[in-house]
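Asker: Data file run09.pdb (PDB, C-alpha atoms, pLDDT in the B column) is appended below.
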ATOM      1  CA  MET A  23      -1.816  -1.788 -20.462  1.00 46.00           C
ATOM      2  CA  PRO A  24      -5.578  -1.273 -20.321  1.00 50.00           C
ATOM      3  CA  GLY A  25      -6.984   1.910 -18.799  1.00 56.00           C
ATOM      4  CA  LEU A  26      -7.693   1.897 -15.073  1.00 60.00           C
ATOM      5  CA  ASP A  27     -11.489   1.972 -15.443  1.00 71.00           C
ATOM      6  CA  TYR A  28     -11.378  -0.863 -17.962  1.00 70.00           C
ATOM      7  CA  ALA A  29      -9.001  -2.918 -15.809  1.00 73.00           C
ATOM      8  CA  ALA A  30     -11.167  -2.409 -12.693  1.00 77.00           C
ATOM      9  CA  THR A  31     -14.297  -3.427 -14.610  1.00 80.00           C
ATOM     10  CA  GLU A  32     -12.530  -6.467 -16.024  1.00 82.00           C
ATOM     11  CA  LEU A  33     -11.204  -7.449 -12.581  1.00 82.00           C
ATOM     12  CA  GLU A  34     -14.692  -7.233 -11.089  1.00 81.00           C
ATOM     13  CA  PHE A  35     -16.112  -9.249 -14.029  1.00 83.00           C
ATOM     14  CA  ILE A  36     -13.540 -12.027 -13.642  1.00 85.00           C
ATOM     15  CA  ALA A  37     -13.936 -12.191  -9.849  1.00 84.00           C
ATOM     16  CA  ARG A  38     -17.755 -12.262 -10.054  1.00 82.00           C
ATOM     17  CA  ASN A  39     -17.764 -15.012 -12.682  1.00 82.00           C
ATOM     18  CA  LEU A  40     -15.244 -17.112 -10.759  1.00 86.00           C
ATOM     19  CA  ARG A  41     -17.440 -16.933  -7.663  1.00 81.00           C
ATOM     20  CA  GLN A  42     -20.612 -17.713  -9.607  1.00 83.00           C
ATOM     21  CA  ALA A  43     -18.950 -20.687 -11.306  1.00 85.00           C
ATOM     22  CA  GLY A  44     -17.759 -22.016  -7.956  1.00 84.00           C
ATOM     23  CA  GLU A  45     -14.107 -21.651  -8.970  1.00 83.00           C
ATOM     24  CA  ASP A  46     -12.972 -21.002  -5.407  1.00 85.00           C
ATOM     25  CA  ASP A  47      -9.368 -22.042  -6.079  1.00 89.00           C
ATOM     26  CA  LEU A  48      -9.021 -19.634  -9.012  1.00 90.00           C
ATOM     27  CA  TYR A  49     -10.737 -16.849  -7.071  1.00 87.00           C
ATOM     28  CA  ARG A  50      -8.305 -17.437  -4.191  1.00 90.00           C
ATOM     29  CA  GLU A  51      -5.384 -17.439  -6.672  1.00 91.00           C
ATOM     30  CA  LEU A  52      -6.537 -14.076  -8.002  1.00 89.00           C
ATOM     31  CA  GLN A  53      -6.812 -12.645  -4.480  1.00 89.00           C
ATOM     32  CA  GLN A  54      -3.365 -13.986  -3.544  1.00 91.00           C
ATOM     33  CA  SER A  55      -1.832 -12.613  -6.744  1.00 92.00           C
ATOM     34  CA  ILE A  56      -3.189  -9.160  -5.959  1.00 91.00           C
ATOM     35  CA  ALA A  57      -1.812  -9.359  -2.408  1.00 92.00           C
ATOM     36  CA  GLY A  58       1.526 -10.562  -3.776  1.00 94.00           C
ATOM     37  CA  ALA A  59       1.687  -7.649  -6.210  1.00 94.00           C
ATOM     38  CA  VAL A  60       1.282  -5.145  -3.373  1.00 95.00           C
ATOM     39  CA  ARG A  61       3.492  -6.883  -0.777  1.00 95.00           C
ATOM     40  CA  PRO A  62       6.869  -5.522  -2.032  1.00 96.00           C
ATOM     41  CA  VAL A  63       5.754  -1.903  -1.633  1.00 96.00           C
ATOM     42  CA  LEU A  64       4.975  -2.568   2.030  1.00 96.00           C
ATOM     43  CA  GLY A  65       8.607  -3.595   2.515  1.00 95.00           C
ATOM     44  CA  GLU A  66       9.785  -0.516   0.585  1.00 96.00           C
ATOM     45  CA  ILE A  67       7.787   1.778   2.862  1.00 96.00           C
ATOM     46  CA  ARG A  68       9.238   0.183   5.982  1.00 95.00           C
ATOM     47  CA  ALA A  69      12.811   0.000   4.637  1.00 95.00           C
ATOM     48  CA  GLY A  70      12.761   3.606   3.398  1.00 95.00           C
ATOM     49  CA  LEU A  71      11.678   5.322   6.621  1.00 95.00           C
ATOM     50  CA  GLY A  72      15.233   6.519   7.289  1.00 93.00           C
ATOM     51  CA  GLU A  73      15.224   8.469   4.012  1.00 94.00           C
ATOM     52  CA  TYR A  74      12.282  10.587   5.198  1.00 94.00           C
ATOM     53  CA  MET A  75      12.976  11.185   8.888  1.00 92.00           C
ATOM     54  CA  PRO A  76      15.818  10.986  11.417  1.00 90.00           C
ATOM     55  CA  ASP A  77      17.100   7.416  11.797  1.00 89.00           C
ATOM     56  CA  ARG A  78      16.334   7.321  15.495  1.00 86.00           C
ATOM     57  CA  TYR A  79      12.689   8.244  14.943  1.00 87.00           C
ATOM     58  CA  ALA A  80      12.435   5.973  11.904  1.00 92.00           C
ATOM     59  CA  GLY A  81      13.416   3.069  14.165  1.00 92.00           C
ATOM     60  CA  VAL A  82      10.778   4.010  16.729  1.00 89.00           C
ATOM     61  CA  LEU A  83       8.108   4.346  14.040  1.00 92.00           C
ATOM     62  CA  ALA A  84       9.083   1.082  12.328  1.00 92.00           C
ATOM     63  CA  GLY A  85       8.554  -0.806  15.583  1.00 91.00           C
ATOM     64  CA  GLY A  86       4.886   0.188  15.780  1.00 93.00           C
ATOM     65  CA  LEU A  87       4.027   0.649  12.109  1.00 95.00           C
ATOM     66  CA  ARG A  88       1.319  -1.697  10.824  1.00 96.00           C
ATOM     67  CA  LEU A  89       0.832  -1.820   7.068  1.00 96.00           C
ATOM     68  CA  THR A  90      -2.173  -3.687   5.734  1.00 94.00           C
ATOM     69  CA  THR A  91      -3.874  -4.107   2.389  1.00 93.00           C
ATOM     70  CA  SER A  92      -7.517  -4.331   1.513  1.00 89.00           C
ATOM     71  CA  ARG A  93      -8.772  -5.850  -1.747  1.00 86.00           C
ATOM     72  CA  ARG A  94     -12.213  -5.067  -3.114  1.00 83.00           C
ATOM     73  CA  LEU A  95     -13.520  -6.994  -6.093  1.00 79.00           C
ATOM     74  CA  SER A  96     -17.145  -5.869  -6.180  1.00 74.00           C
ATOM     75  CA  ALA A  97     -18.984  -3.869  -8.832  1.00 68.00           C
ATOM     76  CA  ALA A  98     -19.465  -0.985  -6.405  1.00 71.00           C
ATOM     77  CA  SER A  99     -15.780  -0.705  -5.546  1.00 74.00           C
ATOM     78  CA  THR A 100     -12.902  -2.525  -7.184  1.00 76.00           C
ATOM     79  CA  GLY A 101      -9.343  -1.848  -6.093  1.00 82.00           C
ATOM     80  CA  VAL A 102      -6.531  -2.267  -3.628  1.00 88.00           C
ATOM     81  CA  THR A 103      -5.923   0.001  -0.649  1.00 90.00           C
ATOM     82  CA  VAL A 104      -2.810   0.181   1.518  1.00 94.00           C
ATOM     83  CA  VAL A 105      -3.411   1.392   5.083  1.00 94.00           C
ATOM     84  CA  ALA A 106      -0.790   2.520   7.601  1.00 95.00           C
ATOM     85  CA  ARG A 107      -1.409   2.598  11.348  1.00 95.00           C
ATOM     86  CA  ALA A 108       0.997   3.373  14.152  1.00 93.00           C
ATOM     87  CA  GLY A 109      -0.838   3.699  17.443  1.00 83.00           C
ATOM     88  CA  THR A 110      -0.939   7.314  18.546  1.00 76.00           C
ATOM     89  CA  ARG A 111       1.634   8.552  16.022  1.00 80.00           C
ATOM     90  CA  LYS A 112       0.449  11.328  13.726  1.00 87.00           C
ATOM     91  CA  LEU A 113       1.075   9.630  10.375  1.00 93.00           C
ATOM     92  CA  ARG A 114      -0.531  12.374   8.280  1.00 92.00           C
ATOM     93  CA  ARG A 115       1.860  14.919   9.758  1.00 91.00           C
ATOM     94  CA  LEU A 116       4.833  12.631   9.207  1.00 92.00           C
ATOM     95  CA  GLU A 117       3.668  12.036   5.624  1.00 94.00           C
ATOM     96  CA  SER A 118       3.613  15.811   5.091  1.00 92.00           C
ATOM     97  CA  GLY A 119       7.159  16.095   6.465  1.00 91.00           C
ATOM     98  CA  VAL A 120       6.452  17.354   9.991  1.00 89.00           C
ATOM     99  CA  LEU A 121       7.761  15.679  13.146  1.00 86.00           C
ATOM    100  CA  GLU A 122       6.720  17.050  16.537  1.00 81.00           C
ATOM    101  CA  HIS A 123       8.413  15.589  19.592  1.00 74.00           C
ATOM    102  CA  PRO A 124       9.265  16.406  23.203  1.00 73.00           C
ATOM    103  CA  VAL A 125      12.657  18.136  23.469  1.00 76.00           C
ATOM    104  CA  PHE A 126      15.021  15.750  25.273  1.00 78.00           C
ATOM    105  CA  GLY A 127      12.007  13.860  26.636  1.00 76.00           C
ATOM    106  CA  ASP A 128      10.512  16.940  28.338  1.00 74.00           C
ATOM    107  CA  ARG A 129       6.796  16.746  27.561  1.00 75.00           C
ATOM    108  CA  LYS A 130       6.396  20.432  28.488  1.00 84.00           C
ATOM    109  CA  LYS A 131       8.732  21.532  25.676  1.00 81.00           C
ATOM    110  CA  TRP A 132       7.967  20.384  22.150  1.00 73.00           C
ATOM    111  CA  GLY A 133      10.174  20.714  19.103  1.00 71.00           C
ATOM    112  CA  ARG A 134       9.172  20.626  15.503  1.00 74.00           C
ATOM    113  CA  GLN A 135      11.234  19.317  12.610  1.00 75.00           C
ATOM    114  CA  VAL A 136       9.888  20.275   9.215  1.00 78.00           C
ATOM    115  CA  ALA A 137      10.708  19.405   5.611  1.00 71.00           C
ATOM    116  CA  PRO A 138      12.748  20.615   3.864  1.00 71.00           C
ATOM    117  CA  GLY A 139      15.615  20.684   6.292  1.00 71.00           C
ATOM    118  CA  GLY A 140      15.150  19.642   9.874  1.00 73.00           C
ATOM    119  CA  GLY A 141      15.963  16.050   8.954  1.00 82.00           C
ATOM    120  CA  MET A 142      12.463  15.498   7.537  1.00 89.00           C
ATOM    121  CA  ARG A 143      11.159  14.819   4.052  1.00 92.00           C
ATOM    122  CA  ALA A 144       7.532  14.481   2.976  1.00 93.00           C
ATOM    123  CA  GLY A 145       6.140  11.365   1.322  1.00 95.00           C
ATOM    124  CA  PHE A 146       7.403   8.354   3.322  1.00 96.00           C
ATOM    125  CA  PHE A 147       4.148   6.511   2.526  1.00 96.00           C
ATOM    126  CA  THR A 148       2.904   7.840  -0.814  1.00 96.00           C
ATOM    127  CA  THR A 149       6.218   8.071  -2.660  1.00 97.00           C
ATOM    128  CA  PRO A 150       6.971   4.307  -2.686  1.00 97.00           C
ATOM    129  CA  ILE A 151       3.348   3.558  -3.598  1.00 96.00           C
ATOM    130  CA  ARG A 152       3.335   6.016  -6.496  1.00 95.00           C
ATOM    131  CA  ARG A 153       6.706   4.720  -7.668  1.00 96.00           C
ATOM    132  CA  SER A 154       5.406   1.124  -7.663  1.00 95.00           C
ATOM    133  CA  ALA A 155       1.848   1.747  -8.902  1.00 93.00           C
ATOM    134  CA  ALA A 156       2.423   0.941 -12.581  1.00 93.00           C
ATOM    135  CA  ALA A 157       4.259  -2.298 -11.780  1.00 94.00           C
ATOM    136  CA  ILE A 158       1.539  -3.322  -9.308  1.00 93.00           C
ATOM    137  CA  ARG A 159      -1.180  -2.640 -11.884  1.00 90.00           C
ATOM    138  CA  GLN A 160       0.695  -4.667 -14.492  1.00 92.00           C
ATOM    139  CA  GLN A 161       1.095  -7.620 -12.117  1.00 92.00           C
ATOM    140  CA  ILE A 162      -2.636  -7.524 -11.347  1.00 90.00           C
ATOM    141  CA  VAL A 163      -3.510  -7.409 -15.066  1.00 89.00           C
ATOM    142  CA  ASP A 164      -1.131 -10.338 -15.674  1.00 92.00           C
ATOM    143  CA  ALA A 165      -2.802 -12.281 -12.843  1.00 90.00           C
ATOM    144  CA  MET A 166      -6.232 -11.532 -14.317  1.00 87.00           C
ATOM    145  CA  ASP A 167      -5.089 -12.833 -17.706  1.00 89.00           C
ATOM    146  CA  ARG A 168      -3.541 -15.957 -16.172  1.00 90.00           C
ATOM    147  CA  VAL A 169      -6.620 -16.776 -14.079  1.00 89.00           C
ATOM    148  CA  ALA A 170      -9.008 -16.051 -16.960  1.00 87.00           C
ATOM    149  CA  LEU A 171      -7.034 -18.457 -19.190  1.00 88.00           C
ATOM    150  CA  LYS A 172      -7.158 -21.163 -16.533  1.00 88.00           C
ATOM    151  CA  ALA A 173     -10.895 -20.608 -16.073  1.00 84.00           C
ATOM    152  CA  SER A 174     -11.490 -20.973 -19.805  1.00 81.00           C
ATOM    153  CA  GLY A 175      -9.642 -24.305 -19.789  1.00 77.00           C
ATOM    154  CA  LYS A 176      -6.711 -23.185 -21.944  1.00 66.00           C
TER     155      LYS A 176
END
Could I get this file's structure written as structure tokens?

Answerer:
Amino acid sequence: MPGLDYAATELEFIARNLRQAGEDDLYRELQQSIAGAVRPVLGEIRAGLGEYMPDRYAGVLAGGLRLTTSRRLSAASTGVTVVARAGTRKLRRLESGVLEHPVFGDRKKWGRQVAPGGGMRAGFFTTPIRRSAAAIRQQIVDAMDRVALKASGK
């Protein structure tokens, strides 16, 4: 597999040339392939919440968790970003393995569950992404190759 810098440069080159050549369908195919490569990890994050926090809280978080992707194919910034949002929930704390909550619903008394132990484990967001990163990169490189071949008429 090519190095990350090389792959990012190549991705930007292909995207720029597709746009300049008016190959909107191929450009759209490339964008959709990138989104498709990332989509499974979004499901892994959501499905794995119970491994990182108490099931009851995982269910509450899953209900309000929004996972989105952003694709950038410009020379200044080429890449894919996954963003998690969950209203007022403190996702950075949860990611680090800390859950703060009112004790039995009493907002005057707060409890803290911390990893390790306490039913919490760090990494609910980053672990699935890191585990899938190589496969995602390979799928993007494969999509680049496929689209470049189509663009060249082969």

Asker: On this structure, which residues satisfy the PyMOL selection byres ((chain A and resi 153-162) around 7), written as a ChimeraX atom specification?

Answerer: /A:55-56,59-60,63,149-152,163-166

Asker: Got time to write the residues from that selection, C-alpha atoms, as a tab-separated table (two decimals), keeping the file's coordinate frame?

Answerer:
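Printed below is selection.tsv as written:
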chain	number	residue	atom	x	y	z
A	55	SER	CA	-1.83	-12.61	-6.74
A	56	ILE	CA	-3.19	-9.16	-5.96
A	59	ALA	CA	1.69	-7.65	-6.21
A	60	VAL	CA	1.28	-5.14	-3.37
A	63	VAL	CA	5.75	-1.90	-1.63
A	149	THR	CA	6.22	8.07	-2.66
A	150	PRO	CA	6.97	4.31	-2.69
A	151	ILE	CA	3.35	3.56	-3.60
A	152	ARG	CA	3.34	6.02	-6.50
A	163	VAL	CA	-3.51	-7.41	-15.07
A	164	ASP	CA	-1.13	-10.34	-15.67
A	165	ALA	CA	-2.80	-12.28	-12.84
A	166	MET	CA	-6.23	-11.53	-14.32

Asker: Nearest residue to A:Ile36 out of A:Gln135, A:Ser118, A:Thr148, A:Thr100, using all atoms listed in the file?

Answerer: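 Between A:Gln135, A:Ser118, A:Thr148, A:Thr100, the residue approaching A:Ile36 most closely is A:Thr100.
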
Asker: Once the PyMOL selection byres ((chain A and resi 68) around 10) has been evaluated on this model, what residues remain selected, and can you format them as a short mmCIF file (atom, residue, chain, number, x, y, z; two decimals) with C-alpha atoms, in the coordinates of the input?

Answerer:
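See selection-v1.cif below for the written result:
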data_model
loop_
_atom_site.label_atom_id
_atom_site.label_comp_id
_atom_site.auth_asym_id
_atom_site.auth_seq_id
_atom_site.Cartn_x
_atom_site.Cartn_y
_atom_site.Cartn_z
CA VAL A 63 5.75 -1.90 -1.63
CA LEU A 64 4.97 -2.57 2.03
CA GLY A 65 8.61 -3.60 2.52
CA GLU A 66 9.78 -0.52 0.58
CA ILE A 67 7.79 1.78 2.86
CA ALA A 69 12.81 0.00 4.64
CA GLY A 70 12.76 3.61 3.40
CA LEU A 71 11.68 5.32 6.62
CA GLY A 72 15.23 6.52 7.29
CA ALA A 80 12.44 5.97 11.90
CA GLY A 81 13.42 3.07 14.16
CA LEU A 83 8.11 4.35 14.04
CA ALA A 84 9.08 1.08 12.33
CA GLY A 85 8.55 -0.81 15.58
CA LEU A 87 4.03 0.65 12.11
CA ARG A 88 1.32 -1.70 10.82
CA LEU A 89 0.83 -1.82 7.07
CA PHE A 146 7.40 8.35 3.32
CA PHE A 147 4.15 6.51 2.53
CA PRO A 150 6.97 4.31 -2.69
#

Asker: Can you translate the PyMOL selection byres ((chain A and resi 107) around 10) into the concrete residues it hits in this file, as a list in words?

Answerer: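 Here the PyMOL selection byres ((chain A and resi 107) around 10) matches Gly86, Leu87, Arg88, Leu89, Thr90, Val105, Ala106, Ala108, Gly109, Thr110, Arg111, Lys112 and Leu113 of chain A.
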
Asker: Could those residues be written to a file, using C-alpha atoms, as a tab-separated table (two decimals), keeping the file's coordinate frame?

Answerer:
chain	number	residue	atom	x	y	z
A	86	GLY	CA	4.89	0.19	15.78
A	87	LEU	CA	4.03	0.65	12.11
A	88	ARG	CA	1.32	-1.70	10.82
A	89	LEU	CA	0.83	-1.82	7.07
A	90	THR	CA	-2.17	-3.69	5.73
A	105	VAL	CA	-3.41	1.39	5.08
A	106	ALA	CA	-0.79	2.52	7.60
A	108	ALA	CA	1.00	3.37	14.15
A	109	GLY	CA	-0.84	3.70	17.44
A	110	THR	CA	-0.94	7.31	18.55
A	111	ARG	CA	1.63	8.55	16.02
A	112	LYS	CA	0.45	11.33	13.73
A	113	LEU	CA	1.08	9.63	10.38

Asker: With distances taken over all atoms listed in the file, which residue among A:Glu117, A:Asp47, A:Asp77, A:Glu34 lies nearest A:Val136?

Answerer: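 Nearest to A:Val136: A:Glu117.
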
Asker: Step by step, gather every atom of stretch 97-109 of chain A that the file lists, find the box along x, y and z that holds them, add 5 Å on each side, and finally give centre and edge lengths in Å to one decimal, as JSON.

Answerer:
{"center_x": -9.2, "center_y": -0.1, "center_z": 4.3, "size_x": 30.5, "size_y": 17.6, "size_z": 36.3}

Asker: So how far away is atom CA of A:Tyr49 from atom CA of A:Val169, in Å?

Answerer: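 So the answer is 8.1 Å.
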
Asker: Between A:Met142, A:Ala137, A:Val120, A:Leu52, which is the closest to A:Arg94 once you count only C-alpha atoms?

Answerer: A:Leu52

Asker: In Å, with one decimal, what is the gap from atom CA of A:Ala173 to atom CA of A:Leu33?

Answerer: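 These atoms are spaced 13.6 Å apart.
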
Asker: Pick from A:Arg129, A:Arg93, A:Arg143, A:Arg134: nearest to A:Met75, with all atoms listed in the file counted?

Answerer: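 For A:Met75, the nearest of the candidates is A:Arg143.
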
Asker: Rounded to one decimal place, report the atom CA of A:Asp27-atom CA of A:Arg168 distance in Å.

Answerer: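 Going from atom CA of A:Asp27 over to atom CA of A:Arg168, I get 19.6 Å.
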
Asker: Find the residues near A:Ser92: any atom within 10 Å, counting all atoms listed in the file, skip ones fewer than 4 places away on the same chain, and give them as a list in words.

Answerer: Ile56, Ala57, Gly101, Val102, Thr103, Val104 and Val105 of chain A

Asker: For A:Thr31, which of A:Gly140, A:Arg50, A:Ala98, A:Lys130 is the closest residue, counting all atoms listed in the file?

Answerer: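 Looking only at the distances to A:Thr31, the closest residue turns out to be A:Ala98.
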
Asker: Can you work out which one of A:Leu121, A:Val82, A:Tyr74, A:Ala37 has the shortest atom-to-atom distance to A:Glu51, counting all atoms listed in the file?

Answerer: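 Once distances to A:Glu51 are computed over all atoms listed in the file, the minimum belongs to A:Ala37.
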